[in-house]
Every structure is written in C-alpha cells, then in structure tokens.
file query32.pdb (PDB, C-alpha atoms)
ATOM      1  CA  MET A  23     -15.803 -20.769  -6.027
ATOM      2  CA  THR A  24     -16.867 -17.362  -4.818
ATOM      3  CA  SER A  25     -18.452 -15.052  -7.336
ATOM      4  CA  THR A  26     -17.197 -11.576  -8.132
ATOM      5  CA  TRP A  27     -20.330 -10.227  -6.523
ATOM      6  CA  THR A  28     -19.389 -11.955  -3.315
ATOM      7  CA  VAL A  29     -15.932 -10.356  -3.359
ATOM      8  CA  ALA A  30     -17.548  -6.919  -3.589
ATOM      9  CA  HIS A  31     -20.000  -7.944  -0.919
ATOM     10  CA  ARG A  32     -17.247  -8.797   1.536
ATOM     11  CA  LEU A  33     -15.043  -5.760   0.995
ATOM     12  CA  PRO A  34     -15.890  -2.061   1.272
ATOM     13  CA  HIS A  35     -13.408  -1.199  -1.488
ATOM     14  CA  ARG A  36     -14.760  -0.164  -4.896
ATOM     15  CA  TYR A  37     -13.367   0.853  -8.284
ATOM     16  CA  PRO A  38     -10.543   1.659  -8.726
ATOM     17  CA  MET A  39      -9.404   0.200  -5.399
ATOM     18  CA  LEU A  40     -11.233  -3.140  -5.421
ATOM     19  CA  LEU A  41      -8.233  -5.287  -6.306
ATOM     20  CA  VAL A  42      -9.502  -8.858  -6.021
ATOM     21  CA  ASP A  43     -11.383 -10.453  -8.924
ATOM     22  CA  ARG A  44     -12.233 -13.912  -7.719
ATOM     23  CA  VAL A  45     -11.839 -16.265  -4.780
ATOM     24  CA  VAL A  46     -10.637 -19.733  -5.814
ATOM     25  CA  THR A  47     -10.757 -21.472  -2.457
ATOM     26  CA  ALA A  48     -11.288 -20.299   1.093
ATOM     27  CA  VAL A  49     -11.222 -22.027   4.432
ATOM     28  CA  PRO A  50     -12.650 -19.581   6.995
ATOM     29  CA  GLY A  51     -10.190 -18.825   9.767
ATOM     30  CA  SER A  52      -7.379 -20.606   7.944
ATOM     31  CA  GLU A  53      -6.491 -19.807   4.321
ATOM     32  CA  ILE A  54      -7.604 -18.340   1.042
ATOM     33  CA  VAL A  55      -6.510 -18.396  -2.592
ATOM     34  CA  ALA A  56      -7.725 -15.453  -4.666
ATOM     35  CA  LEU A  57      -7.027 -14.039  -8.127
ATOM     36  CA  LYS A  58      -6.538 -10.608  -9.615
ATOM     37  CA  ALA A  59      -5.886  -9.919 -13.278
ATOM     38  CA  VAL A  60      -3.631  -6.931 -13.900
ATOM     39  CA  THR A  61      -4.712  -4.779 -16.829
ATOM     40  CA  THR A  62      -3.677  -1.506 -18.456
ATOM     41  CA  ASN A  63      -7.303  -0.510 -18.026
ATOM     42  CA  GLU A  64      -6.625   0.449 -14.426
ATOM     43  CA  PRO A  65      -6.363   4.220 -13.926
ATOM     44  CA  TRP A  66      -2.696   4.025 -12.862
ATOM     45  CA  TYR A  67      -1.923   3.346 -16.533
ATOM     46  CA  ALA A  68      -3.795   6.408 -17.788
ATOM     47  CA  GLU A  69      -0.619   8.373 -18.546
ATOM     48  CA  VAL A  70       1.296   5.587 -20.303
ATOM     49  CA  SER A  71       2.765   6.861 -23.550
ATOM     50  CA  GLY A  72       3.162   4.956 -26.821
ATOM     51  CA  ASP A  73       6.912   4.522 -26.421
ATOM     52  CA  ALA A  74       6.707   2.971 -22.944
ATOM     53  CA  ARG A  75       8.719  -0.212 -22.550
ATOM     54  CA  ASP A  76       7.918  -3.276 -20.451
ATOM     55  CA  GLY A  77      10.092  -2.020 -17.624
ATOM     56  CA  ASP A  78       8.007   1.141 -17.445
ATOM     57  CA  LEU A  79       4.761  -0.804 -17.090
ATOM     58  CA  ALA A  80       5.466  -2.753 -13.901
ATOM     59  CA  TYR A  81       2.448  -2.926 -11.639
ATOM     60  CA  PRO A  82       3.023  -0.740  -8.550
ATOM     61  CA  ALA A  83       4.424  -2.928  -5.774
ATOM     62  CA  VAL A  84       2.182  -1.321  -3.189
ATOM     63  CA  LEU A  85      -0.894  -2.330  -5.188
ATOM     64  CA  LEU A  86       0.387  -5.889  -5.205
ATOM     65  CA  MET A  87       0.449  -5.577  -1.404
ATOM     66  CA  GLU A  88      -3.007  -4.012  -1.350
ATOM     67  CA  SER A  89      -4.483  -6.743  -3.535
ATOM     68  CA  TRP A  90      -2.950  -9.410  -1.289
ATOM     69  CA  ALA A  91      -4.211  -7.611   1.807
ATOM     70  CA  GLN A  92      -7.723  -7.464   0.381
ATOM     71  CA  SER A  93      -7.618 -11.221  -0.136
ATOM     72  CA  ALA A  94      -6.736 -11.494   3.537
ATOM     73  CA  GLY A  95      -9.616  -9.129   4.206
ATOM     74  CA  ILE A  96     -12.077 -11.457   2.493
ATOM     75  CA  LEU A  97     -10.863 -14.222   4.749
ATOM     76  CA  ALA A  98     -11.238 -11.940   7.751
ATOM     77  CA  ALA A  99     -14.708 -10.843   6.660
ATOM     78  CA  SER A 100     -15.832 -14.448   6.699
ATOM     79  CA  ARG A 101     -15.694 -14.277  10.472
ATOM     80  CA  SER A 102     -18.364 -11.598  10.709
ATOM     81  CA  SER A 103     -21.897 -11.367   9.414
ATOM     82  CA  ASP A 104     -22.689  -9.973   5.993
ATOM     83  CA  GLY A 105     -24.162  -6.565   5.414
ATOM     84  CA  ASP A 106     -22.861  -3.043   5.061
ATOM     85  CA  PRO A 107     -19.069  -3.416   5.194
ATOM     86  CA  LEU A 108     -18.784  -0.006   6.835
ATOM     87  CA  SER A 109     -21.079  -0.857   9.695
ATOM     88  CA  GLY A 110     -20.088  -3.049  12.563
ATOM     89  CA  ASP A 111     -16.376  -3.807  12.650
ATOM     90  CA  VAL A 112     -14.070  -2.765   9.842
ATOM     91  CA  MET A 113     -10.705  -4.242   9.086
ATOM     92  CA  LEU A 114      -7.721  -1.935   9.451
ATOM     93  CA  PHE A 115      -4.321  -2.427   7.898
ATOM     94  CA  GLY A 116      -2.298  -2.389  11.094
ATOM     95  CA  GLY A 117       1.103  -2.996   9.560
ATOM     96  CA  ALA A 118       3.374  -5.365   7.680
ATOM     97  CA  THR A 119       6.817  -6.875   8.123
ATOM     98  CA  GLU A 120       9.249  -8.001   5.408
ATOM     99  CA  VAL A 121       7.178  -7.943   2.252
ATOM    100  CA  ARG A 122       9.615  -8.922  -0.515
ATOM    101  CA  PHE A 123       9.231  -8.146  -4.191
ATOM    102  CA  LEU A 124      10.923 -10.788  -6.307
ATOM    103  CA  HIS A 125       9.900 -10.085  -9.905
ATOM    104  CA  PRO A 126       8.074  -7.283 -11.697
ATOM    105  CA  VAL A 127       4.398  -7.856 -12.495
ATOM    106  CA  LEU A 128       3.145  -6.689 -15.888
ATOM    107  CA  PRO A 129      -0.276  -6.062 -17.429
ATOM    108  CA  GLY A 130      -1.736  -9.385 -18.546
ATOM    109  CA  ASP A 131      -0.372 -11.208 -15.519
ATOM    110  CA  VAL A 132      -2.828 -12.960 -13.216
ATOM    111  CA  LEU A 133      -1.924 -12.680  -9.555
ATOM    112  CA  GLU A 134      -2.588 -15.725  -7.421
ATOM    113  CA  HIS A 135      -2.659 -14.629  -3.795
ATOM    114  CA  ARG A 136      -2.120 -17.314  -1.168
ATOM    115  CA  VAL A 137      -2.908 -16.098   2.326
ATOM    116  CA  ARG A 138      -2.674 -18.110   5.518
ATOM    117  CA  VAL A 139      -3.770 -17.143   9.014
ATOM    118  CA  VAL A 140      -0.846 -17.309  11.420
ATOM    119  CA  ARG A 141      -2.654 -16.133  14.500
ATOM    120  CA  LEU A 142      -6.228 -15.297  15.311
ATOM    121  CA  LEU A 143      -6.962 -13.057  18.294
ATOM    122  CA  SER A 144     -10.216 -11.447  19.334
ATOM    123  CA  ASP A 145      -9.570  -8.153  17.539
ATOM    124  CA  THR A 146      -6.501  -8.936  15.430
ATOM    125  CA  MET A 147      -5.548 -11.343  12.657
ATOM    126  CA  ILE A 148      -1.988 -12.056  11.523
ATOM    127  CA  PHE A 149      -1.362 -13.404   8.031
ATOM    128  CA  GLU A 150       1.514 -14.738   5.962
ATOM    129  CA  GLY A 151       1.785 -16.000   2.419
ATOM    130  CA  GLU A 152       2.833 -15.169  -1.096
ATOM    131  CA  CYS A 153       1.690 -14.041  -4.497
ATOM    132  CA  LEU A 154       2.417 -16.092  -7.615
ATOM    133  CA  VAL A 155       2.269 -15.375 -11.325
ATOM    134  CA  ALA A 156       2.165 -18.494 -13.501
ATOM    135  CA  GLY A 157       3.433 -20.527 -10.561
ATOM    136  CA  ARG A 158       6.402 -18.269  -9.811
ATOM    137  CA  PRO A 159       6.486 -16.231  -6.583
ATOM    138  CA  VAL A 160       6.538 -12.492  -7.256
ATOM    139  CA  MET A 161       5.985 -11.380  -3.655
ATOM    140  CA  THR A 162       6.355 -13.006  -0.250
ATOM    141  CA  VAL A 163       4.732 -11.694   2.919
ATOM    142  CA  GLU A 164       6.347 -12.623   6.205
ATOM    143  CA  ARG A 165       3.676 -10.991   8.319
ATOM    144  CA  MET A 166       0.710  -8.701   7.856
ATOM    145  CA  VAL A 167      -1.456  -7.519  10.722
ATOM    146  CA  MET A 168      -5.131  -6.620  10.402
ATOM    147  CA  ALA A 169      -7.073  -5.162  13.283
ATOM    148  CA  PHE A 170     -10.814  -4.896  13.737
ATOM    149  CA  ARG A 171     -12.339  -1.684  15.040
ATOM    150  CA  PRO A 172     -15.887  -0.360  15.167
ATOM    151  CA  ALA A 173     -16.576   1.492  11.913
ATOM    152  CA  GLN A 174     -17.827   4.580  13.706
ATOM    153  CA  THR A 175     -14.376   5.264  15.160
ATOM    154  CA  LEU A 176     -13.167   5.854  11.601
ATOM    155  CA  ARG A 177     -15.898   8.052  10.268
ATOM    156  CA  PRO A 178     -15.052  11.736  10.330
ATOM    157  CA  ALA A 179     -17.341  13.175  12.965
ATOM    158  CA  PRO A 180     -20.178  15.249  11.496
ATOM    159  CA  SER A 181     -19.499  18.147  13.860
ATOM    160  CA  THR A 182     -17.938  21.409  12.689
ATOM    161  CA  THR A 183     -15.012  21.555  15.076
ATOM    162  CA  SER A 184     -11.701  21.473  13.266
ATOM    163  CA  ASP A 185     -10.117  18.660  15.247
ATOM    164  CA  SER A 186     -12.945  16.181  14.869
ATOM    165  CA  GLY A 187     -11.897  14.482  11.672
ATOM    166  CA  SER A 188      -9.137  12.270  12.929
ATOM    167  CA  PRO A 189     -10.053   8.656  13.525
ATOM    168  CA  ALA A 190      -8.809   7.023  16.655
ATOM    169  CA  GLY A 191      -5.847   4.736  16.534
ATOM    170  CA  THR A 192      -4.965   3.237  13.220
ATOM    171  CA  GLN A 193      -4.962   3.966   9.561
ATOM    172  CA  GLU A 194      -7.750   2.165   7.836
ATOM    173  CA  ASP A 195      -7.020   0.250   4.707
TER     174      ASP A 195
ATOM    175  CA  MET B  24       9.485  12.338 -19.099
ATOM    176  CA  PRO B  25       9.345   8.601 -18.399
ATOM    177  CA  THR B  26       6.040   6.847 -17.897
ATOM    178  CA  VAL B  27       5.039   6.781 -14.252
ATOM    179  CA  VAL B  28       2.637   4.025 -13.266
ATOM    180  CA  SER B  29       1.467   4.911  -9.773
ATOM    181  CA  PRO B  30      -1.724   4.972  -7.724
ATOM    182  CA  VAL B  31      -0.743   8.445  -6.463
ATOM    183  CA  ARG B  32      -1.058  11.401  -8.847
ATOM    184  CA  ALA B  33       0.335  14.050  -6.537
ATOM    185  CA  PRO B  34       3.774  15.374  -7.477
ATOM    186  CA  VAL B  35       6.621  14.969  -4.997
ATOM    187  CA  HIS B  36       7.927  18.305  -3.700
ATOM    188  CA  VAL B  37      11.545  18.045  -2.649
ATOM    189  CA  LEU B  38      12.333  20.070   0.457
ATOM    190  CA  ALA B  39      15.774  18.512   1.004
ATOM    191  CA  GLU B  40      17.834  16.169  -1.172
ATOM    192  CA  ALA B  41      19.515  13.084   0.294
ATOM    193  CA  VAL B  42      23.056  14.366   0.661
ATOM    194  CA  ALA B  43      25.528  12.927   3.144
ATOM    195  CA  ASP B  44      27.133  15.438   5.479
ATOM    196  CA  PRO B  45      30.869  15.152   4.719
ATOM    197  CA  THR B  46      31.906  16.791   7.993
ATOM    198  CA  THR B  47      29.833  14.742  10.406
ATOM    199  CA  GLY B  48      29.582  11.592   8.267
ATOM    200  CA  ALA B  49      25.878  11.513   9.074
ATOM    201  CA  ALA B  50      23.632   9.416   6.850
ATOM    202  CA  PRO B  51      21.877  11.208   4.014
ATOM    203  CA  ARG B  52      18.484  12.621   4.947
ATOM    204  CA  SER B  53      15.816  13.790   2.571
ATOM    205  CA  VAL B  54      12.565  15.634   3.129
ATOM    206  CA  THR B  55       9.630  15.702   0.718
ATOM    207  CA  SER B  56       5.995  16.716   0.788
ATOM    208  CA  LEU B  57       2.871  15.817  -1.159
ATOM    209  CA  VAL B  58      -0.603  17.324  -1.186
ATOM    210  CA  LEU B  59      -3.283  14.663  -1.630
ATOM    211  CA  GLU B  60      -6.050  16.467  -3.439
ATOM    212  CA  THR B  61      -9.654  15.289  -3.599
ATOM    213  CA  GLN B  62      -9.049  14.331  -7.255
ATOM    214  CA  GLU B  63      -6.687  11.457  -6.340
ATOM    215  CA  PRO B  64      -8.303   8.482  -8.126
ATOM    216  CA  VAL B  65      -8.025   6.162  -5.120
ATOM    217  CA  PHE B  66     -10.466   8.227  -3.051
ATOM    218  CA  ARG B  67     -13.404   7.268  -5.292
ATOM    219  CA  GLY B  68     -13.237   3.638  -4.215
ATOM    220  CA  HIS B  69     -11.527   3.913  -0.839
ATOM    221  CA  TYR B  70     -14.196   4.285   0.227
ATOM    222  CA  PRO B  71     -17.388   5.478  -1.526
ATOM    223  CA  GLY B  72     -18.797   8.323   0.556
ATOM    224  CA  PHE B  73     -15.943   7.943   3.015
ATOM    225  CA  PRO B  74     -12.675   8.920   1.343
ATOM    226  CA  ILE B  75      -9.566   8.010   3.287
ATOM    227  CA  PHE B  76      -6.064   7.732   1.832
ATOM    228  CA  PRO B  77      -5.033   4.050   1.671
ATOM    229  CA  GLY B  78      -2.122   2.949   3.842
ATOM    230  CA  VAL B  79      -0.346   1.370   0.889
ATOM    231  CA  CYS B  80      -0.543   4.694  -0.910
ATOM    232  CA  LEU B  81       1.375   6.263   1.971
ATOM    233  CA  ILE B  82       4.062   3.666   1.275
ATOM    234  CA  GLU B  83       3.868   4.707  -2.387
ATOM    235  CA  CYS B  84       4.438   8.344  -1.372
ATOM    236  CA  VAL B  85       7.614   7.283   0.435
ATOM    237  CA  HIS B  86       8.680   5.160  -2.539
ATOM    238  CA  ARG B  87       8.155   7.959  -5.078
ATOM    239  CA  SER B  88       9.990  10.337  -2.749
ATOM    240  CA  CYS B  89      12.921   7.915  -2.636
ATOM    241  CA  LEU B  90      13.081   7.653  -6.432
ATOM    242  CA  THR B  91      13.068  11.445  -6.629
ATOM    243  CA  THR B  92      15.723  12.136  -4.003
ATOM    244  CA  ALA B  93      18.058   9.115  -4.330
ATOM    245  CA  PRO B  94      21.662   9.931  -3.445
ATOM    246  CA  GLY B  95      24.421  10.007  -6.002
ATOM    247  CA  THR B  96      25.434  11.807  -9.162
ATOM    248  CA  PRO B  97      23.957  10.653 -11.393
ATOM    249  CA  ARG B  98      21.084   9.699  -9.125
ATOM    250  CA  ALA B  99      21.096   6.008  -8.127
ATOM    251  CA  VAL B 100      18.538   3.838  -9.949
ATOM    252  CA  LEU B 101      16.543   2.120  -7.205
ATOM    253  CA  THR B 102      14.586  -1.122  -7.352
ATOM    254  CA  LEU B 103      12.205  -1.725  -4.462
ATOM    255  CA  ALA B 104      13.263  -5.030  -2.888
ATOM    256  CA  ALA B 105      11.115  -5.055   0.232
ATOM    257  CA  VAL B 106       8.818  -3.209   2.556
ATOM    258  CA  GLU B 107      10.702  -4.145   5.720
ATOM    259  CA  SER B 108       8.140  -2.697   8.070
ATOM    260  CA  THR B 109       5.168  -0.371   8.188
ATOM    261  CA  ARG B 110       3.153   1.026  11.012
ATOM    262  CA  PHE B 111       0.067   3.145  10.488
ATOM    263  CA  LEU B 112      -0.630   5.702  13.158
ATOM    264  CA  GLY B 113      -3.229   8.118  11.850
ATOM    265  CA  ALA B 114      -5.569   8.815   8.958
ATOM    266  CA  VAL B 115      -5.064  11.012   5.902
ATOM    267  CA  PHE B 116      -8.076  12.645   4.260
ATOM    268  CA  PRO B 117      -8.604  14.456   0.917
ATOM    269  CA  GLY B 118      -6.749  17.755   0.826
ATOM    270  CA  ASP B 119      -4.222  16.778   3.483
ATOM    271  CA  ARG B 120      -0.551  17.597   3.070
ATOM    272  CA  ILE B 121       2.000  15.061   4.237
ATOM    273  CA  VAL B 122       5.684  15.602   4.972
ATOM    274  CA  ILE B 123       8.096  12.673   4.674
ATOM    275  CA  GLU B 124      11.450  12.634   6.453
ATOM    276  CA  SER B 125      13.707   9.851   5.203
ATOM    277  CA  THR B 126      17.022   8.611   6.533
ATOM    278  CA  TRP B 127      19.213   6.673   4.102
ATOM    279  CA  THR B 128      21.509   3.872   5.274
ATOM    280  CA  ALA B 129      23.871   2.164   2.842
ATOM    281  CA  ILE B 130      23.546  -1.646   2.789
ATOM    282  CA  SER B 131      25.531  -4.201   0.809
ATOM    283  CA  ASP B 132      23.714  -3.827  -2.501
ATOM    284  CA  GLY B 133      21.671  -0.686  -2.076
ATOM    285  CA  TRP B 134      19.898   1.429   0.510
ATOM    286  CA  ARG B 135      17.637   1.080   3.481
ATOM    287  CA  VAL B 136      15.307   4.040   3.934
ATOM    288  CA  THR B 137      13.602   4.733   7.229
ATOM    289  CA  ALA B 138      10.787   7.217   6.791
ATOM    290  CA  ARG B 139       8.461   9.044   9.089
ATOM    291  CA  ILE B 140       5.303  10.573   7.656
ATOM    292  CA  ARG B 141       3.536  13.458   9.336
ATOM    293  CA  GLY B 142       0.173  14.855   8.320
ATOM    294  CA  ASP B 143      -1.977  17.808   9.225
ATOM    295  CA  ARG B 144      -2.998  16.156  12.499
ATOM    296  CA  GLY B 145       0.258  14.559  13.601
ATOM    297  CA  ASP B 146       2.105  11.323  12.882
ATOM    298  CA  VAL B 147       0.606   9.234  10.106
ATOM    299  CA  ALA B 148       2.964   6.334   9.468
ATOM    300  CA  ALA B 149       6.437   4.878   9.884
ATOM    301  CA  VAL B 150       7.827   2.996   6.881
ATOM    302  CA  ARG B 151      11.092   1.178   6.255
ATOM    303  CA  LEU B 152      11.986   0.226   2.682
ATOM    304  CA  ARG B 153      14.884  -1.699   1.180
ATOM    305  CA  TYR B 154      16.258  -0.913  -2.258
ATOM    306  CA  HIS B 155      18.665  -2.581  -4.606
ATOM    307  CA  THR B 156      20.653  -0.301  -6.837
ATOM    308  CA  GLY B 157      21.353  -0.996 -10.474
ATOM    309  CA  GLU B 158      19.572  -3.603 -12.528
ATOM    310  CA  ALA B 159      15.813  -4.095 -12.374
ATOM    311  CA  GLY B 160      14.178  -7.240 -11.051
TER     312      GLY B 160
END
call {"tool": "encode", "arguments": {"input": "query32.pdb", "output": "structure tokens"}}
result
Amino acid sequence: MTSTWTVAHRLPHRYPMLLVDRVVTAVPGSEIVALKAVTTNEPWYAEVSGDARDGDLAYPAVLLMESWAQSAGILAASRSSDGDPLSGDVMLFGGATEVRFLHPVLPGDVLEHRVRVVRLLSDTMIFEGECLVAGRPVMTVERMVMAFRPAQTLRPAPSTTSDSGSPAGTQED
Amino acid sequence: MPTVVSPVRAPVHVLAEAVADPTTGAAPRSVTSLVLETQEPVFRGHYPGFPIFPGVCLIECVHRSCLTTAPGTPRAVLTLAAVESTRFLGAVFPGDRIVIESTWTAISDGWRVTARIRGDRGDVAAVRLRYHTGEAG
C-alpha cells in the first residue's frame, strides 16, 4: 500500500485538485489500482442548497476523468526519480478517446480506479481502464494519452514581453 | 436556481444559441464564452505557484455551455454519455477568456457536440461530447 503522503509526493496537484487518496496496488510500467472518496467537503459543493436532491449532487464527470488520470499519473511518475514534481519532466494530459459515463457518482461513493498501460513509448504513455463504485463500473476509458515534457517548457517565461506566457505544445494537466 | 456542482465557477456567456437554420438545414451551432478569473478554485492546487487551467476543466466549460444552449423548446435535458475525444493544443492561464464554438449533430438518442475552444493566444482544445436526452443515468 502506498501512503497518502506518497500520492502527494508523486503528483504536483494539491488541494482542491489532488483527486487521489490512496494507492491500493501498483505494478510500475503496467497497472495501478487507486482510490478516491467523493465528499461534499470538496469546494465544488460549496453552493449546494438545502433542497438539493440526489440528482443535483452528481460528482462532475470531468473530475471523475481527472481523478482517473491522476492515478495514471502516479503510475507514470514511478518511471522517473522522486523530487520536485515540477522539475525534470512533467506529465501532460495529451488527450482522451471514448470515455464513457455509465452511472452518476454521489458524495459518499468511493471511486476505485483501475488503470492499465497499453503502450509505453519514450515520451508518451497510453492507458486504458475503468472506474468502479462498489464493484460496478461508473466510467470506462478506451484510451488516454499522457506525454512527458520538460517542466520548463510549461512555465510562463519570467520576461515582460506579452507573448511569452504560452507554453509550447500541449495543455498540461 | 438549481444547484450547480462544477469545478468551474465562471458563468457561461451565450453569444449564439444552438438553433438550426431552417433554410439551409445546417446543424445547430452555438457560441459561448467564459472568463477564467484568478479566483477559480482549481488554480490554487493546479498548480501551487504555477496556476494553469486544467484540461478537464476546459471540457467542463464545453459541457456547461452545452447545458446552457441545448436546442429545443423547452430546452433539451442533456445527460453526458461520453467524452468521445479531446485534444489539448494550448494553455489557459488565470484571467484568460475562452470562446467555444459548438456544432450540434443529432444522433439516435441525443446529440453529438463538436467544440473548438480558442483562448487569448490561439487554439486551446478540440472536444467532442456525446449526450443522451431525457432521463438521467
């Protein structure tokens, strides 16, 4: 089992965007199972009113994706050395294909992310898998692509010219 | 006002509703914009000292735009069935404004929406979503 501290150590994300709580099992370069508990204590629920019904409280689908992608990121991080996650190479969310949402996720649910490496290239990893709640799939991921780029290509340049803030290439996630 | 549970606080500004052109038969197109202020909660943790708008939150901007501009009278109730594809092309930083152009294609039980997102420095992302209409789940 990987401790919570280790999750935070392997990902640059922090509150409120650190969306993995615990790693259950991980085989570097192959697969990972990780958990995230969904709670109304996340800031997305700040505006929920007293008369909200279950259907109003569904966890945002894109955060389900993000949480799954971060689990993949932990697996990807296991290939590089520890240290400052924003130095060296960072993982970029390159894109995704056919991510299906099968059932709503509600506060109190525990997400079980299952991520498998489909292909491993020098600067790219391709993943597939699913997310389960109480054994039932709530999301399936046909393909998600993560790319590795030097962190400095993403940092807004410290110069004062107006066109210097755009990172090269891809959107980091 | 129904409860909105979303990682994006910014309101969706509707520049064009998704209305089919009855003369040409062209698919409905909608245009929306959002301004992603520094106060967006995701920036605090994505990443500390290096705020950059998460890619999935760009998908959320498209999704919220779709809910706001859905075709039909009354407006169709959409359930997100799938993110069919996404491609991220450029970064979005605090204070940036994004403009989303969406093309709506009717499918058997809902809509497919193909969206292009542009930011202050050019193309940001391409997103294709699939929606069911009607019942949730």
call {"tool": "residues_around", "arguments": {"input": "query32.pdb", "residues": "region 99-114 of chain B", "least_positions_apart": "2", "cutoff": "6 Å", "atoms": "only C-alpha atoms", "output": "mmCIF file with C-alpha atoms, keeping the file's coordinate frame"}}
result
data_model
loop_
_atom_site.group_PDB
_atom_site.id
_atom_site.type_symbol
_atom_site.label_atom_id
_atom_site.label_comp_id
_atom_site.auth_asym_id
_atom_site.auth_seq_id
_atom_site.Cartn_x
_atom_site.Cartn_y
_atom_site.Cartn_z
ATOM 1 C CA GLY A 117 1.103 -2.996 9.560
ATOM 2 C CA ALA A 118 3.374 -5.365 7.680
ATOM 3 C CA THR A 119 6.817 -6.875 8.123
ATOM 4 C CA GLU A 120 9.249 -8.001 5.408
ATOM 5 C CA VAL A 121 7.178 -7.943 2.252
ATOM 6 C CA ARG A 122 9.615 -8.922 -0.515
ATOM 7 C CA PHE A 123 9.231 -8.146 -4.191
ATOM 8 C CA THR A 192 -4.965 3.237 13.220
ATOM 9 C CA GLN A 193 -4.962 3.966 9.561
ATOM 10 C CA ALA B 93 18.058 9.115 -4.330
ATOM 11 C CA GLY B 95 24.421 10.007 -6.002
ATOM 12 C CA VAL B 147 0.606 9.234 10.106
ATOM 13 C CA ALA B 148 2.964 6.334 9.468
ATOM 14 C CA ALA B 149 6.437 4.878 9.884
ATOM 15 C CA VAL B 150 7.827 2.996 6.881
ATOM 16 C CA ARG B 151 11.092 1.178 6.255
ATOM 17 C CA LEU B 152 11.986 0.226 2.682
ATOM 18 C CA ARG B 153 14.884 -1.699 1.180
ATOM 19 C CA TYR B 154 16.258 -0.913 -2.258
ATOM 20 C CA HIS B 155 18.665 -2.581 -4.606
ATOM 21 C CA THR B 156 20.653 -0.301 -6.837
ATOM 22 C CA GLY B 157 21.353 -0.996 -10.474
ATOM 23 C CA ALA B 159 15.813 -4.095 -12.374
#
call {"tool": "residues_near_point", "arguments": {"input": "query32.pdb", "point": "(-11.5, -23.4, 2.7)", "cutoff": "12 Å", "atoms": "all atoms listed in the file", "output": "PyMOL selection string"}}
result
chain A and resi 23-24+45-56+96-97+100+136-139
call {"tool": "closest_residue", "arguments": {"input": "query32.pdb", "among": "B:Pro117, B:Gly48, B:Pro77, B:Pro34", "to": "chain A", "atoms": "only C-alpha atoms"}}
result
B:Pro77
call {"tool": "resolve_selection", "arguments": {"input": "query32.pdb", "expression": "the PyMOL selection byres ((chain A and resi 36-41) around 7)", "output": "list in words"}}
result
Pro34, His35, Val42, Asp43, Lys58 and Ser89 of chain A; Val65, Gly68, His69 and Tyr70 of chain B
call {"tool": "write_last_selection", "arguments": {"input": "query32.pdb", "atoms": "C-alpha atoms", "output": "compact mmCIF listing (two decimals), in the coordinates of the input"}}
result
# COMPACT_ATOMS: atom_id res chain seq x y z
CA PRO A 34 -15.89 -2.06 1.27
CA HIS A 35 -13.41 -1.20 -1.49
CA VAL A 42 -9.50 -8.86 -6.02
CA ASP A 43 -11.38 -10.45 -8.92
CA LYS A 58 -6.54 -10.61 -9.62
CA SER A 89 -4.48 -6.74 -3.54
CA VAL B 65 -8.02 6.16 -5.12
CA GLY B 68 -13.24 3.64 -4.22
CA HIS B 69 -11.53 3.91 -0.84
CA TYR B 70 -14.20 4.28 0.23
call {"tool": "residues_around", "arguments": {"input": "query32.pdb", "residues": "Val84 (chain A)", "least_positions_apart": "3", "cutoff": "10 Å", "atoms": "all atoms listed in the file", "output": "PyMOL selection string"}}
result
(chain A and resi 81+87-90+121+123) or (chain B and resi 29-30+78-83+86+106)
call {"tool": "atom_distance", "arguments": {"input": "query32.pdb", "atom1": "CA of Asp119 (chain B)", "atom2": "CA of Val28 (chain B)"}}
result
22.1 Å
call {"tool": "atom_distance", "arguments": {"input": "query32.pdb", "atom1": "CA of Arg52 (chain B)", "atom2": "CA of Asp78 (chain A)"}}
result
27.3 Å
call {"tool": "closest_residue", "arguments": {"input": "query32.pdb", "among": "A:Ala156, A:Leu57, A:Leu142, A:Met161", "to": "chain B", "atoms": "all atoms listed in the file"}}
result
A:Met161
call {"tool": "closest_residue", "arguments": {"input": "query32.pdb", "among": "A:Ala98, A:Ala74, A:Ala30, A:Ala80", "to": "Asp145 (chain A)", "atoms": "all atoms listed in the file"}}
result
A:Ala98
call {"tool": "residues_around", "arguments": {"input": "query32.pdb", "residues": "region 147-154 of chain A", "least_positions_apart": "3", "cutoff": "7 Å", "atoms": "all atoms listed in the file", "output": "number ranges by chain"}}
result
A: 133-143, 157-169
call {"tool": "resolve_selection", "arguments": {"input": "query32.pdb", "expression": "the PyMOL selection byres ((chain A and resi 130) around 7)", "output": "mmCIF file with C-alpha atoms, in the coordinates of the input"}}
result
data_model
loop_
_atom_site.group_PDB
_atom_site.id
_atom_site.type_symbol
_atom_site.label_atom_id
_atom_site.label_comp_id
_atom_site.auth_asym_id
_atom_site.auth_seq_id
_atom_site.Cartn_x
_atom_site.Cartn_y
_atom_site.Cartn_z
ATOM 1 C CA ALA A 59 -5.886 -9.919 -13.278
ATOM 2 C CA VAL A 60 -3.631 -6.931 -13.900
ATOM 3 C CA THR A 61 -4.712 -4.779 -16.829
ATOM 4 C CA LEU A 128 3.145 -6.689 -15.888
ATOM 5 C CA PRO A 129 -0.276 -6.062 -17.429
ATOM 6 C CA ASP A 131 -0.372 -11.208 -15.519
ATOM 7 C CA VAL A 132 -2.828 -12.960 -13.216
#
call {"tool": "closest_residue", "arguments": {"input": "query32.pdb", "among": "A:Ala99, A:Leu114, A:Val155, A:Ala68", "to": "Val29 (chain A)", "atoms": "all atoms listed in the file"}}
result
A:Ala99
call {"tool": "atom_distance", "arguments": {"input": "query32.pdb", "atom1": "CA of Val85 (chain B)", "atom2": "CA of Pro172 (chain A)"}}
result
28.8 Å
call {"tool": "closest_residue", "arguments": {"input": "query32.pdb", "among": "B:Ile121, B:Val37, B:Phe73, B:Ala43", "to": "Glu60 (chain B)", "atoms": "all atoms listed in the file"}}
result
B:Ile121
call {"tool": "axis_aligned_box", "arguments": {"input": "query32.pdb", "around": "region 46-50 of chain B", "padding_each_side": "4 Å", "output": "JSON"}}
result
{"center_x": 27.8, "center_y": 13.1, "center_z": 8.6, "size_x": 16.3, "size_y": 15.4, "size_z": 11.6}
call {"tool": "closest_residue", "arguments": {"input": "query32.pdb", "among": "A:Asp76, A:Leu85, A:Arg44, A:Ser144", "to": "chain B", "atoms": "only C-alpha atoms"}}
result
A:Leu85
call {"tool": "residues_near_point", "arguments": {"input": "query32.pdb", "point": "(10.3, 13.2, 5.8)", "cutoff": "12 Å", "atoms": "only C-alpha atoms", "output": "PyMOL selection string"}}
result
chain B and resi 35-41+51-57+81+84-86+88-89+92+121-127+136-142+146-150
call {"tool": "build_atoms", "arguments": {"input": "query32.pdb", "residues": "region 114-118 of chain B", "atoms": "N, CA and C atoms", "output": "tab-separated table (two decimals), in the coordinates of the input"}}
result
chain	number	residue	atom	x	y	z
B	114	ALA	N	-4.91	8.80	10.27
B	114	ALA	CA	-5.57	8.82	8.96
B	114	ALA	C	-5.21	10.06	8.16
B	115	VAL	N	-5.28	9.90	6.83
B	115	VAL	CA	-5.06	11.01	5.90
B	115	VAL	C	-6.32	11.16	5.05
B	116	PHE	N	-6.83	12.39	4.97
B	116	PHE	CA	-8.08	12.64	4.26
B	116	PHE	C	-7.82	13.55	3.05
B	117	PRO	N	-8.79	13.61	2.11
B	117	PRO	CA	-8.60	14.46	0.92
B	117	PRO	C	-8.22	15.88	1.30
B	118	GLY	N	-7.22	16.40	0.59
B	118	GLY	CA	-6.75	17.76	0.83
B	118	GLY	C	-5.60	17.84	1.81
